[in-house]
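*Asks:* File follows, query-v2.cif with mmCIF, C-alpha atoms:
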data_coords
#
loop_
_atom_site.group_PDB
_atom_site.id
_atom_site.type_symbol
_atom_site.label_atom_id
_atom_site.label_comp_id
_atom_site.auth_asym_id
_atom_site.auth_seq_id
_atom_site.Cartn_x
_atom_site.Cartn_y
_atom_site.Cartn_z
ATOM 1 C CA MET A 75 25.647 -52.397 -24.093
ATOM 2 C CA PRO A 76 22.683 -50.520 -25.626
ATOM 3 C CA TYR A 77 23.160 -47.118 -27.239
ATOM 4 C CA PHE A 78 21.278 -44.182 -25.704
ATOM 5 C CA PRO A 79 21.071 -41.021 -27.832
ATOM 6 C CA PRO A 80 21.891 -37.689 -26.134
ATOM 7 C CA VAL A 81 18.963 -36.040 -24.351
ATOM 8 C CA GLN A 82 17.459 -33.127 -26.238
ATOM 9 C CA PRO A 83 16.497 -29.996 -24.301
ATOM 10 C CA ARG A 84 12.835 -29.884 -23.449
ATOM 11 C CA ARG A 85 10.813 -27.350 -25.432
ATOM 12 C CA THR A 86 8.788 -24.895 -23.373
ATOM 13 C CA SER A 87 6.169 -22.380 -24.317
ATOM 14 C CA THR A 88 8.462 -19.575 -23.107
ATOM 15 C CA PRO A 89 11.506 -19.132 -25.335
ATOM 16 C CA PHE A 90 14.871 -18.593 -23.697
ATOM 17 C CA ILE A 91 16.595 -15.254 -24.100
ATOM 18 C CA VAL A 92 20.001 -15.487 -25.753
ATOM 19 C CA HIS A 93 22.636 -13.799 -23.588
ATOM 20 C CA ARG A 94 25.912 -12.119 -24.498
ATOM 21 C CA SER A 95 27.714 -15.132 -23.121
ATOM 22 C CA GLY A 96 26.048 -17.393 -25.684
ATOM 23 C CA LEU A 97 23.906 -19.143 -23.092
ATOM 24 C CA ALA A 98 20.330 -19.864 -24.010
ATOM 25 C CA GLY A 99 18.604 -18.712 -20.827
ATOM 26 C CA VAL A 100 18.587 -18.258 -17.097
ATOM 27 C CA HIS A 101 16.258 -20.001 -14.704
ATOM 28 C CA GLY A 102 16.415 -19.416 -10.967
ATOM 29 C CA GLY A 103 19.935 -17.986 -11.093
ATOM 30 C CA ILE A 104 21.333 -20.944 -13.014
ATOM 31 C CA HIS A 105 22.312 -20.619 -16.655
ATOM 32 C CA ILE A 106 20.836 -23.139 -19.056
ATOM 33 C CA SER A 107 23.002 -23.665 -22.088
ATOM 34 C CA GLU A 108 21.829 -24.250 -25.641
ATOM 35 C CA THR A 109 22.324 -27.962 -25.126
ATOM 36 C CA GLY A 110 20.056 -27.951 -22.082
ATOM 37 C CA LYS A 111 22.865 -28.576 -19.585
ATOM 38 C CA MET A 112 23.086 -26.454 -16.477
ATOM 39 C CA ALA A 113 25.955 -24.031 -16.255
ATOM 40 C CA LYS A 114 27.302 -22.097 -13.279
ATOM 41 C CA LYS A 115 25.117 -19.927 -11.063
ATOM 42 C CA LEU A 116 24.879 -16.175 -11.717
ATOM 43 C CA PRO A 117 27.386 -14.392 -9.463
ATOM 44 C CA TYR A 118 26.478 -11.518 -7.182
ATOM 45 C CA SER A 119 27.641 -8.281 -8.765
ATOM 46 C CA LYS A 120 28.568 -5.091 -6.914
ATOM 47 C CA THR A 121 27.797 -3.128 -10.105
ATOM 48 C CA ILE A 122 24.258 -4.536 -10.187
ATOM 49 C CA GLU A 123 23.908 -3.915 -6.448
ATOM 50 C CA ASN A 124 24.765 -0.234 -6.971
ATOM 51 C CA HIS A 125 22.282 -0.075 -9.840
ATOM 52 C CA VAL A 126 19.532 -1.628 -7.689
ATOM 53 C CA VAL A 127 20.191 0.829 -4.828
ATOM 54 C CA LYS A 128 20.132 3.752 -7.275
ATOM 55 C CA CYS A 129 16.811 2.564 -8.738
ATOM 56 C CA VAL A 130 15.181 2.034 -5.316
ATOM 57 C CA ARG A 131 16.249 5.496 -4.169
ATOM 58 C CA GLY A 132 14.882 6.932 -7.393
ATOM 59 C CA GLY A 133 11.483 5.279 -6.922
ATOM 60 C CA VAL A 134 11.824 2.979 -9.950
ATOM 61 C CA SER A 135 9.598 -0.125 -9.967
ATOM 62 C CA ARG A 136 11.114 -3.598 -9.714
ATOM 63 C CA ILE A 137 10.283 -4.603 -13.268
ATOM 64 C CA ASP A 138 11.752 -1.370 -14.647
ATOM 65 C CA THR A 139 14.859 -1.906 -12.521
ATOM 66 C CA LEU A 140 15.242 -5.370 -14.008
ATOM 67 C CA ARG A 141 14.787 -4.032 -17.532
ATOM 68 C CA SER A 142 17.224 -1.177 -17.004
ATOM 69 C CA MET A 143 20.067 -3.466 -15.899
ATOM 70 C CA GLN A 144 20.083 -5.811 -18.877
ATOM 71 C CA HIS A 145 23.132 -4.052 -20.352
ATOM 72 C CA LEU A 146 25.208 -4.992 -17.277
ATOM 73 C CA GLN A 147 27.284 -8.156 -17.172
ATOM 74 C CA ASN A 148 25.710 -11.046 -15.203
ATOM 75 C CA ALA A 149 22.363 -9.241 -14.954
ATOM 76 C CA PRO A 150 19.434 -11.509 -14.099
ATOM 77 C CA SER A 151 16.924 -11.796 -16.912
ATOM 78 C CA SER A 152 13.887 -12.877 -14.888
ATOM 79 C CA MET A 153 12.129 -11.519 -11.834
ATOM 80 C CA THR A 154 12.589 -14.865 -10.096
ATOM 81 C CA THR A 155 16.356 -14.674 -10.476
ATOM 82 C CA PHE A 156 16.328 -11.002 -9.523
ATOM 83 C CA TYR A 157 14.434 -11.803 -6.293
ATOM 84 C CA LYS A 158 16.713 -14.716 -5.443
ATOM 85 C CA ILE A 159 19.915 -12.729 -5.853
ATOM 86 C CA TYR A 160 18.951 -9.117 -5.063
ATOM 87 C CA GLY A 161 15.565 -9.399 -3.337
ATOM 88 C CA LYS A 162 16.878 -8.882 0.202
ATOM 89 C CA LEU A 163 18.881 -5.864 -0.964
ATOM 90 C CA TRP A 164 15.786 -4.385 -2.628
ATOM 91 C CA ASP A 165 13.628 -4.955 0.472
ATOM 92 C CA ALA A 166 16.235 -3.538 2.871
ATOM 93 C CA GLU A 167 16.827 -0.429 0.762
ATOM 94 C CA HIS A 168 13.089 0.094 0.213
ATOM 95 C CA SER A 169 12.399 -0.224 3.963
ATOM 96 C CA ASP A 170 15.186 2.232 4.705
ATOM 97 C CA ILE A 171 13.742 4.796 2.289
ATOM 98 C CA ILE A 172 10.223 4.429 3.736
ATOM 99 C CA SER A 173 11.616 4.710 7.277
ATOM 100 C CA ARG A 174 13.547 7.891 6.498
ATOM 101 C CA ILE A 175 10.573 9.520 4.794
ATOM 102 C CA GLY A 176 8.251 8.504 7.628
ATOM 103 C CA SER A 177 10.654 9.902 10.210
ATOM 104 C CA ARG A 178 10.774 13.251 8.416
ATOM 105 C CA VAL A 179 6.967 13.402 8.164
ATOM 106 C CA TYR A 180 6.493 12.552 11.858
ATOM 107 C CA ASP A 181 9.182 15.011 12.891
ATOM 108 C CA GLN A 182 7.488 17.730 10.818
ATOM 109 C CA ALA A 183 4.072 16.805 12.249
ATOM 110 C CA ILE A 184 5.267 16.944 15.856
ATOM 111 C CA ASN A 185 7.935 19.661 15.837
ATOM 112 C CA GLY A 186 7.031 21.747 12.799
ATOM 113 C CA ASP A 187 5.869 25.355 12.739
ATOM 114 C CA ALA A 188 2.104 25.476 13.339
ATOM 115 C CA LYS A 189 1.745 28.326 10.821
ATOM 116 C CA ASP A 190 3.460 26.345 8.072
ATOM 117 C CA SER A 191 1.074 24.506 5.724
ATOM 118 C CA ALA A 192 3.573 21.636 5.408
ATOM 119 C CA THR A 193 3.178 20.978 9.135
ATOM 120 C CA PHE A 194 -0.596 20.693 8.772
ATOM 121 C CA LYS A 195 -0.211 18.312 5.804
ATOM 122 C CA SER A 196 2.279 16.195 7.775
ATOM 123 C CA GLN A 197 -0.086 16.057 10.729
ATOM 124 C CA GLU A 198 -3.002 15.106 8.480
ATOM 125 C CA LEU A 199 -0.965 12.355 6.792
ATOM 126 C CA ALA A 200 0.200 10.981 10.143
ATOM 127 C CA LEU A 201 -3.369 10.892 11.452
ATOM 128 C CA ARG A 202 -4.684 9.235 8.307
ATOM 129 C CA ALA A 203 -1.913 6.616 8.215
ATOM 130 C CA LYS A 204 -1.625 5.704 11.870
ATOM 131 C CA ALA A 205 -4.812 6.787 13.605
ATOM 132 C CA GLY A 206 -7.397 5.884 10.978
ATOM 133 C CA TRP A 207 -8.583 9.483 10.832
ATOM 134 C CA SER A 208 -10.433 10.809 7.822
ATOM 135 C CA PRO A 209 -11.901 14.254 7.141
ATOM 136 C CA GLN A 210 -15.192 12.582 6.178
ATOM 137 C CA ASN A 211 -15.418 10.976 9.618
ATOM 138 C CA THR A 212 -14.863 14.207 11.520
ATOM 139 C CA ILE A 213 -17.785 15.208 13.702
ATOM 140 C CA ASN A 214 -17.863 18.759 14.980
ATOM 141 C CA GLU A 215 -19.470 18.747 18.391
ATOM 142 C CA VAL A 216 -21.005 22.007 19.569
ATOM 143 C CA GLU A 217 -21.503 22.644 23.244
ATOM 144 C CA GLN A 218 -25.093 23.367 24.115
ATOM 145 C CA GLU A 219 -25.479 26.543 26.109
ATOM 146 C CA ILE A 220 -29.269 26.292 26.545
ATOM 147 C CA ASP A 221 -30.741 25.566 29.932
ATOM 148 C CA PRO A 222 -31.894 21.932 29.875
ATOM 149 C CA GLU A 223 -35.149 22.980 31.659
ATOM 150 C CA LEU A 224 -35.998 25.310 28.786
ATOM 151 C CA ASP A 225 -34.922 22.875 26.074
ATOM 152 C CA VAL A 226 -37.926 21.479 24.229
ATOM 153 C CA SER A 227 -37.869 18.537 21.877
ATOM 154 C CA ALA A 228 -39.134 18.849 18.309
ATOM 155 C CA ALA A 229 -42.069 16.556 19.109
ATOM 156 C CA ASP A 230 -43.078 18.772 22.047
ATOM 157 C CA GLN A 231 -42.910 21.870 19.840
ATOM 158 C CA ILE A 232 -45.162 20.257 17.219
ATOM 159 C CA MET A 233 -47.662 19.183 19.861
ATOM 160 C CA THR A 234 -47.758 22.742 21.240
ATOM 161 C CA LEU A 235 -48.342 24.150 17.752
ATOM 162 C CA LEU A 236 -51.202 21.681 17.258
ATOM 163 C CA GLY A 237 -52.795 22.840 20.505
ATOM 164 C CA LEU A 238 -52.077 19.652 22.394
ATOM 165 C CA ASP A 239 -50.500 19.541 25.822
ATOM 166 C CA PRO A 240 -47.131 17.743 25.606
ATOM 167 C CA ASP A 241 -47.248 16.997 29.348
ATOM 168 C CA ASP A 242 -50.564 15.174 28.985
ATOM 169 C CA GLN A 243 -49.471 11.576 29.408
ATOM 170 C CA GLN A 244 -52.556 9.705 28.269
ATOM 171 C CA GLU A 245 -52.272 6.044 27.622
ATOM 172 C CA ASP A 246 -53.178 5.308 24.046
ATOM 173 C CA ASP A 247 -56.243 3.090 24.093
ATOM 174 C CA PRO A 248 -56.813 1.620 20.630
ATOM 175 C CA GLN A 249 -60.594 1.543 21.323
ATOM 176 C CA ASP A 250 -60.758 5.213 22.443
ATOM 177 C CA ASN A 251 -61.263 7.469 19.423
ATOM 178 C CA SER A 252 -62.574 10.462 21.398
ATOM 179 C CA ARG A 253 -59.261 12.223 21.140
ATOM 180 C CA TYR A 254 -59.507 12.414 17.347
ATOM 181 C CA ALA A 255 -63.215 13.352 17.090
#
Represent the structure of the file as C-alpha cells.

*Replies:*
Amino acid sequence: MPYFPPVQPRRTSTPFIVHRSGLAGVHGGIHISETGKMAKKLPYSKTIENHVVKCVRGGVSRIDTLRSMQHLQNAPSSMTTFYKIYGKLWDAEHSDIISRIGSRVYDQAINGDAKDSATFKSQELALRAKAGWSPQNTINEVEQEIDPELDVSAADQIMTLLGLDPDDQQEDDPQDNSRYA
C-alpha cells in the first residue's frame, strides 16, 4: 500500500487569529485548528447575547459590537460568524428599538401639545419620513380676492401702456407691416 503524507493546511492571504483556546481561527462558526482540521462549532452564548442586546440598545455599530466582545469566551471573530450565530438576534432587537422610537414619535406628533416645539418636530419628522414632505417643496397658495372681471394679465397691462388695445384681436399677417410703421 502506498504511503500518503498528512495533508498540510492550505495557506491563505488572510492569517488566522490565534484564540485563547489555542485554535488557529474560526470560519463560519466552525473552529479550524492549527493542523487544518475542523473542530466543533461555536456554541451560542447567553453572555454574548446579553452583550449584543446591550450594544444594540446603546446604538453601537455591528463591527464595534464584534470588536467589543472579543474578551468573552466563545466570541465570534468574524462578521460572517457573528451574523450566522447572532444575526437574527441583532435584527430583532434593532427592529424593536426602531419600532419603539417610531411609536413615541408618532404618538407625540398626533397627541402632543401643539404649543410644544417637540410636537412640531415630531410632526415634521413623521411627514418627511412617511408622506414625502419637504419644506423645500411647500407651496404657499394665496387666495385671490380680486374680481376676475377686473383682473388684467401682465401682457394686457403692457399693451395698454404701449397704447395698444388689448381687445383688438387682429390676425397677424406676416405680409402686413402697417401695424409697425

*Asks:* Could you expand the PyMOL selection byres ((chain A and resi 122-126) around 10) into the explicit residues it covers here, written as a list of chain:residue names?

*Replies:*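 After applying the PyMOL selection byres ((chain A and resi 122-126) around 10), what remains is A:Tyr118, A:Ser119, A:Lys120, A:Thr121, A:Val127, A:Lys128, A:Cys129, A:Val130, A:Arg131, A:Gly132, A:Val134, A:Arg136, A:Thr139, A:Leu140, A:Ser142, A:Met143, A:Gln144, A:Leu146, A:Gln147, A:Asn148, A:Ala149, A:Pro150, A:Ile159, A:Tyr160, A:Gly161, A:Leu163, A:Trp164, A:Glu167.
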
*Asks:* For a cut-off of 10 Å around (7.4, 5.9, 7.9), file coordinates, pick out all residues using all atoms listed in the file and list them as a count of residues only.

*Replies:* 15

*Asks:* Go ahead and compute the interatomic distance for atom CA of Phe194 of chain A and atom CA of Ser135 of chain A, in Å to one decimal.

*Replies:*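 Going from atom CA of Phe194 of chain A over to atom CA of Ser135 of chain A, I get 29.8 Å.
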
*Asks:* Using atom CA of Leu199 of chain A and atom CA of Gln182 of chain A as the two end points, give the distance in Å to one decimal.

*Replies:*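 Atom-to-atom, atom CA of Leu199 of chain A and atom CA of Gln182 of chain A are spaced 10.8 Å apart.
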
*Asks:* May I ask for the distance between atom CA of Arg141 of chain A and atom CA of His168 of chain A, given in Å to one decimal place?

*Replies:* 18.3 Å

*Asks:* For segment 129-143 of chain A, take all atoms listed in the file, fit an axis-aligned box around them, add 4 Å to each of the six sides, then output centre and edge lengths in Å rounded to one decimal, as JSON.

*Replies:*
{"center_x": 14.8, "center_y": 0.8, "center_z": -10.9, "size_x": 18.5, "size_y": 20.3, "size_z": 21.4}
